[in-house]
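A.B. asks: Contents of target19.cif (mmCIF, C-alpha atoms) are below:
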```cif
data_start
#
loop_
_atom_site.label_atom_id
_atom_site.label_comp_id
_atom_site.auth_asym_id
_atom_site.auth_seq_id
_atom_site.Cartn_x
_atom_site.Cartn_y
_atom_site.Cartn_z
CA MET O 1 73.01 -7.95 -155.70
CA LYS O 2 72.13 -7.31 -159.34
CA LYS O 3 70.88 -3.86 -158.40
CA PHE O 4 74.19 -3.07 -156.70
CA ILE O 5 76.21 -4.13 -159.77
CA VAL O 6 73.99 -2.11 -162.10
CA ILE O 7 74.24 1.00 -159.93
CA VAL O 8 78.06 0.73 -159.75
CA LEU O 9 78.11 0.35 -163.54
CA LEU O 10 75.82 3.37 -163.93
CA VAL O 11 78.04 5.51 -161.71
CA LEU O 12 81.15 4.46 -163.65
CA VAL O 13 79.53 5.17 -167.04
CA GLY O 14 78.18 8.45 -165.68
CA LEU O 15 81.61 9.55 -164.47
CA PHE O 16 83.18 8.81 -167.85
CA LEU O 17 80.38 10.65 -169.65
CA LEU O 18 80.77 13.61 -167.31
CA LEU O 19 84.50 13.63 -168.04
CA ALA O 20 83.74 13.67 -171.78
CA VAL O 21 81.15 16.42 -171.38
CA SER O 22 83.58 18.61 -169.44
CA LYS O 23 86.05 18.50 -172.34
CA MET O 24 83.50 19.46 -174.98
CA PRO O 25 83.39 22.94 -176.54
CA ILE O 26 80.85 25.30 -175.05
CA MET O 27 77.38 24.90 -176.48
CA GLY O 28 76.42 27.52 -179.05
CA ASP O 29 80.00 28.32 -179.97
CA PRO O 30 80.04 29.13 -183.72
CA ASP O 31 83.71 28.10 -184.02
CA SER O 32 83.42 24.63 -182.53
CA PRO O 33 84.56 21.84 -184.92
CA THR O 34 81.06 20.53 -185.63
CA ASN O 35 79.80 23.95 -186.59
CA ALA O 36 82.79 25.20 -188.53
CA ILE O 37 83.75 22.79 -191.30
CA ALA O 38 81.03 21.24 -193.48
CA THR O 39 78.20 23.45 -192.33
CA SER O 40 79.45 26.68 -193.85
CA ARG O 41 79.29 25.07 -197.27
CA TYR O 42 75.74 23.79 -196.68
CA ILE O 43 74.58 27.22 -195.54
CA ALA O 44 76.42 29.27 -198.16
CA LYS O 45 75.71 27.16 -201.24
CA GLY O 46 72.77 24.95 -200.25
CA PRO O 47 69.96 26.86 -201.98
CA GLN O 48 71.89 27.27 -205.24
CA GLU O 49 73.18 23.71 -205.39
CA THR O 50 70.02 21.88 -204.38
CA GLY O 51 67.08 24.19 -205.00
CA CYS O 52 65.80 23.72 -201.44
CA ASN O 53 65.57 26.73 -199.16
CA ASN O 54 65.00 24.35 -196.27
CA LEU O 55 68.56 23.26 -195.49
CA VAL O 56 67.45 20.09 -193.70
CA SER O 57 65.61 18.98 -196.84
CA ALA O 58 68.65 19.98 -198.88
CA ILE O 59 70.87 17.68 -196.81
CA ILE O 60 68.41 14.78 -196.70
CA LEU O 61 67.46 14.83 -200.38
CA ASN O 62 70.63 16.00 -202.06
CA TYR O 63 73.90 16.09 -200.15
CA ARG O 64 73.29 12.94 -198.10
CA VAL O 65 70.71 11.17 -200.22
CA TYR O 66 72.63 7.90 -199.74
CA ASP O 67 71.73 8.03 -196.05
CA THR O 68 68.08 8.53 -196.89
CA PHE O 69 68.20 5.62 -199.30
CA GLY O 70 69.67 3.40 -196.57
CA GLU O 71 67.11 4.64 -194.12
CA ILE O 72 64.09 4.00 -196.29
CA THR O 73 65.54 0.52 -196.76
CA VAL O 74 65.56 0.18 -192.96
CA ILE O 75 61.83 1.00 -192.86
CA PHE O 76 61.17 -1.48 -195.65
CA VAL O 77 63.16 -4.22 -193.90
CA THR O 78 61.35 -3.53 -190.62
CA LEU O 79 58.02 -3.99 -192.35
CA THR O 80 59.26 -7.16 -194.04
CA ALA O 81 60.45 -8.58 -190.72
CA ALA O 82 57.14 -7.71 -189.06
CA LEU O 83 55.26 -9.48 -191.84
CA ALA O 84 57.56 -12.48 -191.57
CA ILE O 85 56.97 -12.73 -187.80
CA LEU O 86 53.28 -11.90 -187.42
CA GLY O 87 51.83 -11.96 -190.92
CA ARG O 88 49.54 -9.62 -192.81
CA GLU O 89 45.98 -9.03 -191.67
CA LYS O 90 43.40 -10.47 -194.06
CA ALA O 91 40.83 -8.17 -195.60
CA GLY O 92 37.21 -9.16 -195.11
CA GLU O 93 38.00 -12.22 -193.03
CA GLY O 94 36.47 -12.53 -189.60
CA VAL O 95 34.62 -9.25 -189.92
CA SER O 96 33.09 -8.70 -186.52
CA PRO O 97 30.82 -5.78 -185.70
CA LEU O 98 32.15 -3.19 -183.30
CA LYS O 99 31.34 -3.81 -179.66
CA VAL O 100 30.46 -0.14 -179.28
CA SER O 101 29.23 1.67 -182.36
CA PRO O 102 31.08 4.92 -183.02
CA SER O 103 29.44 8.03 -181.64
CA PRO O 104 27.69 9.94 -184.46
CA LEU O 105 29.36 13.16 -183.36
CA VAL O 106 32.88 11.71 -183.54
CA SER O 107 32.32 9.86 -186.80
CA THR O 108 30.74 12.89 -188.54
CA ILE O 109 33.59 15.15 -187.44
CA MET O 110 36.13 12.60 -188.64
CA ILE O 111 34.42 12.26 -192.03
CA ILE O 112 34.60 16.04 -192.44
CA TYR O 113 38.19 16.34 -191.20
CA ILE O 114 39.92 13.41 -192.92
CA PRO O 115 40.18 15.04 -196.39
CA PHE O 116 41.73 18.11 -194.80
CA PHE O 117 44.20 15.93 -192.89
CA ILE O 118 45.27 14.24 -196.11
CA VAL O 119 45.61 17.56 -197.95
CA PHE O 120 47.67 18.89 -195.04
CA ALA O 121 49.92 15.81 -195.16
CA PHE O 122 50.65 16.38 -198.84
CA TYR O 123 51.13 20.11 -198.24
CA VAL O 124 53.72 19.41 -195.54
CA ALA O 125 55.48 16.86 -197.74
CA ILE O 126 55.62 19.04 -200.86
CA HIS O 127 56.22 22.36 -199.16
CA GLY O 128 59.17 20.93 -197.23
CA PHE O 129 61.13 22.15 -200.20
CA ASN O 130 60.94 25.81 -199.27
CA SER O 131 59.51 25.87 -195.78
CA ILE O 132 59.27 23.91 -192.55
CA GLY O 133 58.28 20.33 -193.29
CA GLY O 134 59.43 17.46 -195.40
CA GLY O 135 58.65 13.99 -196.61
CA PHE O 136 58.83 12.17 -193.31
CA GLN O 137 56.74 14.72 -191.44
CA GLY O 138 54.01 14.59 -194.07
CA GLY O 139 54.19 10.80 -194.02
CA VAL O 140 53.65 10.67 -190.28
CA ILE O 141 50.55 12.89 -190.64
CA LEU O 142 49.28 10.49 -193.33
CA ALA O 143 49.94 7.55 -190.98
CA SER O 144 47.99 9.31 -188.24
CA VAL O 145 45.00 9.54 -190.61
CA LEU O 146 45.04 5.78 -191.20
CA VAL O 147 45.47 5.09 -187.47
CA ILE O 148 42.70 7.44 -186.39
CA TYR O 149 40.36 5.91 -188.96
CA ALA O 150 40.96 2.50 -187.39
CA LEU O 151 40.40 3.91 -183.91
CA VAL O 152 37.13 5.71 -184.72
CA PHE O 153 35.40 3.39 -187.19
CA GLY O 154 36.82 0.10 -185.97
CA TYR O 155 39.62 -2.07 -187.21
CA ASP O 156 37.60 -4.14 -189.69
CA GLU O 157 36.14 -1.11 -191.42
CA ALA O 158 39.62 0.37 -191.74
CA VAL O 159 41.03 -2.85 -193.21
CA ARG O 160 38.13 -2.92 -195.67
CA LYS O 161 38.75 0.71 -196.66
CA PHE O 162 42.56 0.41 -196.91
CA PRO O 163 43.12 -3.25 -197.80
CA PRO O 164 46.68 -4.65 -197.87
CA LYS O 165 46.33 -5.03 -201.63
CA ARG O 166 46.17 -1.25 -201.97
CA ARG O 167 48.78 -0.47 -199.33
CA ILE O 168 51.43 -2.82 -200.71
CA LEU O 169 52.02 -0.53 -203.71
CA PHE O 170 52.90 2.43 -201.49
CA GLU O 171 55.07 0.37 -199.15
CA GLY O 172 57.56 -0.37 -201.91
CA LEU O 173 57.30 2.97 -203.69
CA ALA O 174 60.21 4.88 -202.17
CA PRO O 175 62.96 2.23 -202.55
CA LEU O 176 61.78 1.79 -206.15
CA CYS O 177 61.87 5.55 -206.84
CA PHE O 178 65.34 5.86 -205.31
CA VAL O 179 66.71 3.00 -207.39
CA VAL O 180 65.15 4.34 -210.59
CA VAL O 181 66.47 7.87 -210.01
CA GLY O 182 69.86 6.43 -209.06
CA PHE O 183 70.18 4.45 -212.25
CA MET O 184 68.96 7.43 -214.26
CA SER O 185 71.90 9.39 -212.91
CA ILE O 186 74.27 6.51 -213.74
CA LEU O 187 72.96 6.46 -217.32
CA ALA O 188 73.52 10.20 -217.50
CA GLY O 189 77.17 9.58 -216.73
CA THR O 190 77.54 10.59 -213.09
CA ASN O 191 77.53 8.78 -209.76
CA PHE O 192 74.64 6.82 -208.30
CA LEU O 193 71.91 9.14 -206.95
CA ASN O 194 73.72 12.30 -208.00
CA LEU O 195 70.75 14.55 -208.68
CA ASN O 196 72.80 17.33 -210.26
CA PHE O 197 73.47 15.44 -213.49
CA SER O 198 71.36 17.70 -215.63
CA SER O 199 72.22 21.32 -216.28
CA VAL O 200 68.50 22.19 -216.14
CA SER O 201 67.77 23.11 -212.54
CA HIS O 202 64.02 22.50 -212.93
CA PHE O 203 64.66 18.86 -213.74
CA ARG O 204 66.71 18.49 -210.56
CA ASN O 205 63.89 20.08 -208.54
CA PHE O 206 61.42 17.70 -210.19
CA LEU O 207 63.50 14.66 -209.19
CA THR O 208 63.85 15.98 -205.63
CA LEU O 209 60.08 16.46 -205.45
CA ILE O 210 59.46 12.91 -206.64
CA LEU O 211 61.86 11.55 -204.03
CA GLU O 212 60.23 13.64 -201.31
CA ILE O 213 56.66 12.57 -202.13
CA SER O 214 57.63 8.90 -202.40
CA LEU O 215 59.47 9.18 -199.08
CA GLY O 216 56.35 10.59 -197.41
CA LEU O 217 53.96 8.02 -198.88
CA THR O 218 56.20 5.08 -198.03
CA SER O 219 57.07 6.09 -194.48
CA GLY O 220 53.45 6.96 -193.70
CA VAL O 221 51.88 3.84 -195.13
CA ALA O 222 54.60 1.61 -193.64
CA ILE O 223 54.05 3.03 -190.14
CA ALA O 224 50.28 2.58 -190.53
CA SER O 225 50.86 -1.01 -191.70
CA LEU O 226 52.97 -1.71 -188.61
CA PHE O 227 50.08 -0.41 -186.49
CA TYR O 228 47.59 -2.64 -188.34
CA ILE O 229 49.81 -5.70 -187.88
CA LEU O 230 50.11 -5.08 -184.14
CA LYS O 231 46.39 -4.32 -183.82
CA LYS O 232 45.53 -7.65 -185.48
CA VAL O 233 47.14 -9.52 -182.60
CA GLU O 234 45.10 -7.65 -180.02
CA ARG O 235 41.81 -8.79 -181.56
CA GLU O 236 42.65 -12.48 -181.81
CA MET I 237 85.18 19.24 -164.16
CA LEU I 238 81.87 20.25 -162.63
CA LYS I 239 82.34 23.90 -163.49
CA ALA I 240 83.00 23.07 -167.14
CA SER I 241 79.93 20.82 -167.16
CA PHE I 242 77.68 23.60 -165.93
CA SER I 243 78.28 25.64 -169.05
CA ASN I 244 77.13 22.62 -171.06
CA LEU I 245 74.08 21.80 -169.00
CA ILE I 246 72.12 20.29 -171.92
CA TYR I 247 74.79 17.63 -172.40
CA VAL I 248 74.56 16.72 -168.72
CA VAL I 249 70.76 16.47 -169.01
CA SER I 250 71.07 14.16 -171.99
CA MET I 251 73.64 12.10 -170.08
CA ILE I 252 71.22 11.71 -167.14
CA LEU I 253 68.41 10.71 -169.54
CA PHE I 254 70.72 8.12 -171.07
CA LEU I 255 71.51 6.67 -167.67
CA ILE I 256 67.79 6.52 -166.78
CA GLY I 257 67.13 4.59 -169.98
CA PHE I 258 70.06 2.29 -169.25
CA TYR I 259 68.70 1.62 -165.75
CA ALA I 260 65.27 0.75 -167.18
CA VAL I 261 66.82 -1.64 -169.71
CA ALA I 262 69.00 -3.33 -167.10
CA MET I 263 66.69 -3.54 -164.10
CA ARG I 264 63.06 -3.72 -165.22
CA PRO I 265 61.77 -7.27 -165.79
CA SER I 266 58.91 -6.21 -168.10
CA LEU I 267 59.75 -6.25 -171.81
CA ILE I 268 57.56 -3.22 -172.54
CA LYS I 269 59.44 -1.20 -169.93
CA LYS I 270 62.75 -2.29 -171.44
CA ILE I 271 61.53 -1.01 -174.83
CA ILE I 272 60.50 2.27 -173.22
CA GLY I 273 64.01 2.42 -171.73
CA ILE I 274 65.54 2.01 -175.18
CA ASN I 275 63.33 4.87 -176.38
CA ILE I 276 64.48 7.10 -173.52
CA MET I 277 68.11 6.36 -174.46
CA GLU I 278 67.33 7.32 -178.06
CA THR I 279 65.77 10.58 -176.91
CA ALA I 280 68.91 11.35 -174.93
CA ILE I 281 71.03 10.92 -178.07
CA PHE I 282 68.69 13.18 -180.06
CA LEU I 283 68.92 15.89 -177.41
CA PHE I 284 72.71 15.60 -177.43
CA LEU I 285 72.92 15.91 -181.23
CA ILE I 286 70.56 18.89 -181.35
CA GLY I 287 72.62 20.50 -178.59
CA ILE I 288 75.82 20.01 -180.59
CA GLY I 289 74.34 21.79 -183.60
CA ASN I 290 73.19 24.85 -181.72
CA LYS I 291 74.73 28.25 -182.38
CA LYS I 292 74.12 31.19 -180.14
CA GLY I 293 71.68 33.57 -181.82
CA GLY I 294 71.31 31.43 -184.94
CA ALA I 295 68.04 31.28 -186.88
CA SER I 296 66.34 28.01 -187.82
CA PRO I 297 67.94 26.47 -190.95
CA LEU I 298 65.52 27.97 -193.46
CA VAL I 299 67.26 30.32 -195.84
CA VAL I 300 65.62 33.74 -195.85
CA GLU I 301 67.12 36.84 -197.35
CA GLY I 302 68.71 39.16 -194.83
CA ILE I 303 69.66 36.53 -192.26
CA GLU I 304 73.28 35.43 -192.17
CA LYS I 305 73.54 33.22 -189.11
CA TYR I 306 71.83 29.84 -189.00
CA VAL I 307 72.10 26.91 -186.63
CA ASN I 308 73.85 23.81 -187.92
CA PRO I 309 71.34 21.95 -190.14
CA PHE I 310 73.36 18.73 -190.31
CA PRO I 311 72.60 17.29 -186.82
CA GLN I 312 68.93 18.14 -187.36
CA ALA I 313 68.87 16.11 -190.59
CA MET I 314 70.59 13.20 -188.85
CA VAL I 315 68.09 13.35 -185.96
CA LEU I 316 65.22 13.33 -188.45
CA MET I 317 66.62 10.13 -189.92
CA ALA I 318 67.26 8.63 -186.49
CA LEU I 319 63.65 9.33 -185.47
CA VAL I 320 62.31 7.27 -188.34
CA VAL I 321 64.79 4.46 -187.70
CA GLY I 322 63.76 4.64 -184.01
CA VAL I 323 60.14 4.02 -185.03
CA GLY I 324 61.32 0.98 -186.96
CA THR I 325 63.36 -0.50 -184.11
CA THR I 326 60.56 0.14 -181.59
CA ALA I 327 57.99 -1.51 -183.84
CA LEU I 328 60.21 -4.53 -184.43
CA ALA I 329 60.93 -4.88 -180.70
CA LEU I 330 57.20 -4.68 -179.91
CA ILE I 331 56.39 -7.29 -182.54
CA LEU I 332 59.05 -9.64 -181.18
CA ALA I 333 57.65 -9.09 -177.67
CA VAL I 334 54.14 -9.96 -178.90
CA ARG I 335 55.43 -13.13 -180.56
CA LEU I 336 57.33 -14.10 -177.40
CA PHE I 337 54.18 -13.57 -175.33
CA GLU I 338 52.23 -15.79 -177.71
CA CYS I 339 54.87 -18.52 -177.53
CA GLU I 340 54.92 -18.44 -173.74
CA ASN I 341 51.14 -18.82 -173.63
CA GLY I 342 51.29 -21.78 -175.99
CA GLU I 343 49.35 -20.22 -178.84
CA LYS I 344 49.98 -21.55 -182.28
CA ARG I 345 49.65 -19.66 -185.51
#
```
When written as structure tokens, how does the structure in this file appear?
C.D. replies:
Amino acid sequence: MKKFIVIVLLVLVGLFLLLAVSKMPIMGDPDSPTNAIATSRYIAKGPQETGCNNLVSAIILNYRVYDTFGEITVIFVTLTAALAILGREKAGEGVSPLKVSPSPLVSTIMIIYIPFFIVFAFYVAIHGFNSIGGGFQGGVILASVLVIYALVFGYDEAVRKFPPKRRILFEGLAPLCFVVVGFMSILAGTNFLNLNFSSVSHFRNFLTLILEISLGLTSGVAIASLFYILKKVERE
Amino acid sequence: MLKASFSNLIYVVSMILFLIGFYAVAMRPSLIKKIIGINIMETAIFLFLIGIGNKKGGASPLVVEGIEKYVNPFPQAMVLMALVVGVGTTALALILAVRLFECENGEKR
């Protein structure tokens, strides 16, 4: 009975969606409303106004930096809620040896590769200014380093290497940087988080770079922390 | 209606993905599968947004001298944000599922 109701509902929703799709402008049309109005400004003036050749970075870090601020707050609140529900793992407590010791081949390769992974994460985060990449992408690569360390060398070793005491600084870094930069722009006499308050374009690029790096560090370390919190439960 | 939909096939694909995710959320008893269903619905929305921003023959939104036509960078930026928020919602849902599982098994913490 429930299945019947759900399928009727699905067909109804599908019909309405199909009706909406049939009225939409043809995909790839340069004159459709979404492509015509705000975008021409972003494309024509983006590099001069923001200093980023990568237009996605220009939108995230300059035109719509409010959205990014709200979003990094979402990540922070998620981490806070996870800590409130499950609690932080404790460093050095209940250290149990691995059931299977890591294969020497895998661990040696990981020891050689991990510095390159971290350098690549920072490269992607910083170079997102002028090329493909950006803060979040670099942050996810950084998170993958922390996760793969826990998978190869065991959870306890990873918690000992990256204890919560060290991670907590990075988890709050980006909201802090955004607030500080925002109030700097208020003190300079413009709106909150308006990065164009100074006439020196290098200073604006410097602020954008700081925001981008803090965004990468915070999103990466927060995602890794979420993994560590969930992994703690599995062991208990 | 069908003929107009065929020129916008990517929207129809995202619609079908959305309905698959909806079905998983509504019908599957397992919490993990419901979370996977929510993720499939998110993916459908991302596909839809990226499809909206497409322009025929446009280059990727990376300003290079000599290229005039770029795809719309705005939906891509919004999808980038939605991806990170999606990670947050998925993680929170998983953590709530873990806590619920613990409560049902009578474990105390």
A.B. asks: Hey, which bits of chain O sit within 6 Å of chain I, and for each residue what's the closest pair of atoms and how far apart in Å (one decimal), counting only C-alpha atoms, rows by chain and increasing number, as a Markdown table?
C.D. replies:
```
| residue | atom | partner | partner_atom | distance |
| --- | --- | --- | --- | --- |
| O:Ser22 | CA | I:Ser241 | CA | 4.8 |
| O:Met27 | CA | I:Asn244 | CA | 5.9 |
| O:Gly28 | CA | I:Lys291 | CA | 3.8 |
| O:Asp29 | CA | I:Lys291 | CA | 5.8 |
| O:Pro30 | CA | I:Lys291 | CA | 5.5 |
| O:Asn53 | CA | I:Val299 | CA | 5.2 |
| O:Asn54 | CA | I:Leu298 | CA | 4.6 |
| O:Leu55 | CA | I:Pro297 | CA | 5.6 |
| O:Val56 | CA | I:Ala313 | CA | 5.2 |
| O:Ile75 | CA | I:Gly324 | CA | 5.9 |
| O:Thr78 | CA | I:Gly324 | CA | 5.8 |
```
A.B. asks: Name the residues that the PyMOL selection byres ((chain O and resi 226) around 9) pulls out of this structure, and write them as a ChimeraX atom specification.
C.D. replies: /O:78-79,82-83,221-225,227-231 /I:324,327-328,331
A.B. asks: Using all atoms listed in the file, pick whichever of O:Leu207, O:Ala174, O:Ile213, O:Leu146 has the shortest atom-to-atom distance to Asn194 of chain O.
C.D. replies: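 For Asn194 of chain O, the nearest of the given residues is O:Leu207.
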A.B. asks: Do you know which residues are at most 12 Å from segment 184-189 of chain O counting only C-alpha atoms, after dropping those on the same chain fewer than 4 positions away, and could you put them as a PDB file with C-alpha atoms, in the frame of the given file?
C.D. replies:
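And here is the file that came out, part-v9.pdb:
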```pdb
ATOM      1  CA  CYS O 177      61.870   5.550-206.840  1.00  0.00           C
ATOM      2  CA  PHE O 178      65.340   5.860-205.310  1.00  0.00           C
ATOM      3  CA  VAL O 179      66.710   3.000-207.390  1.00  0.00           C
ATOM      4  CA  VAL O 180      65.150   4.340-210.590  1.00  0.00           C
ATOM      5  CA  LEU O 193      71.910   9.140-206.950  1.00  0.00           C
ATOM      6  CA  ASN O 194      73.720  12.300-208.000  1.00  0.00           C
ATOM      7  CA  LEU O 195      70.750  14.550-208.680  1.00  0.00           C
ATOM      8  CA  ASN O 196      72.800  17.330-210.260  1.00  0.00           C
ATOM      9  CA  PHE O 197      73.470  15.440-213.490  1.00  0.00           C
ATOM     10  CA  SER O 198      71.360  17.700-215.630  1.00  0.00           C
ATOM     11  CA  SER O 199      72.220  21.320-216.280  1.00  0.00           C
ATOM     12  CA  PHE O 203      64.660  18.860-213.740  1.00  0.00           C
ATOM     13  CA  ARG O 204      66.710  18.490-210.560  1.00  0.00           C
ATOM     14  CA  LEU O 207      63.500  14.660-209.190  1.00  0.00           C
TER      15      LEU O 207
END
```
A.B. asks: Quick one, how far is atom CA of Asn130 of chain O from atom CA of Gly220 of chain O?
C.D. replies: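 That distance, rounded to one decimal, is 21.0 Å.
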A.B. asks: In Å, with one decimal, what is the gap from atom CA of Asn191 of chain O to atom CA of Ser219 of chain O?
C.D. replies: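 Atom-to-atom, atom CA of Asn191 of chain O to atom CA of Ser219 of chain O, that is 25.7 Å.
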A.B. asks: Atom CA of Ala20 of chain O and atom CA of Tyr42 of chain O, how far apart in Å?
C.D. replies: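 Those two atoms sit 28.0 Å apart.
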A.B. asks: Any chance you could work out the axis-aligned box around segment 219-234 of chain O, listed atoms only, 6 Å on each side, giving centre and edge lengths in Å to one decimal, as lines of an AutoDock Vina configuration file?
C.D. replies:
```
center_x = 51.1
center_y = -1.3
center_z = -187.6
size_x = 24.0
size_y = 28.5
size_z = 27.1
```
A.B. asks: Written as a ChimeraX atom specification, what is the full residue list that the PyMOL selection byres ((chain O and resi 132-136) around 8) yields on the file shown?
C.D. replies: /O:54,57,124-131,137-140,212-217,219-220 /I:298,320
A.B. asks: Keeping only C-alpha atoms, write those residues as a PDB file, in the coordinates of the input.
C.D. replies:
```pdb
ATOM      1  CA  ASN O  54      65.000  24.350-196.270  1.00  0.00           C
ATOM      2  CA  SER O  57      65.610  18.980-196.840  1.00  0.00           C
ATOM      3  CA  VAL O 124      53.720  19.410-195.540  1.00  0.00           C
ATOM      4  CA  ALA O 125      55.480  16.860-197.740  1.00  0.00           C
ATOM      5  CA  ILE O 126      55.620  19.040-200.860  1.00  0.00           C
ATOM      6  CA  HIS O 127      56.220  22.360-199.160  1.00  0.00           C
ATOM      7  CA  GLY O 128      59.170  20.930-197.230  1.00  0.00           C
ATOM      8  CA  PHE O 129      61.130  22.150-200.200  1.00  0.00           C
ATOM      9  CA  ASN O 130      60.940  25.810-199.270  1.00  0.00           C
ATOM     10  CA  SER O 131      59.510  25.870-195.780  1.00  0.00           C
ATOM     11  CA  GLN O 137      56.740  14.720-191.440  1.00  0.00           C
ATOM     12  CA  GLY O 138      54.010  14.590-194.070  1.00  0.00           C
ATOM     13  CA  GLY O 139      54.190  10.800-194.020  1.00  0.00           C
ATOM     14  CA  VAL O 140      53.650  10.670-190.280  1.00  0.00           C
ATOM     15  CA  GLU O 212      60.230  13.640-201.310  1.00  0.00           C
ATOM     16  CA  ILE O 213      56.660  12.570-202.130  1.00  0.00           C
ATOM     17  CA  SER O 214      57.630   8.900-202.400  1.00  0.00           C
ATOM     18  CA  LEU O 215      59.470   9.180-199.080  1.00  0.00           C
ATOM     19  CA  GLY O 216      56.350  10.590-197.410  1.00  0.00           C
ATOM     20  CA  LEU O 217      53.960   8.020-198.880  1.00  0.00           C
ATOM     21  CA  SER O 219      57.070   6.090-194.480  1.00  0.00           C
ATOM     22  CA  GLY O 220      53.450   6.960-193.700  1.00  0.00           C
TER      23      GLY O 220
ATOM     24  CA  LEU I 298      65.520  27.970-193.460  1.00  0.00           C
ATOM     25  CA  VAL I 320      62.310   7.270-188.340  1.00  0.00           C
TER      26      VAL I 320
END
```
A.B. asks: Applied to this file, what does the PyMOL selection byres ((chain I and resi 266-282) around 6) return in terms of residues, put as a ChimeraX atom specification?
C.D. replies: /I:250,253-254,257,260-261,264-265,283-285,315
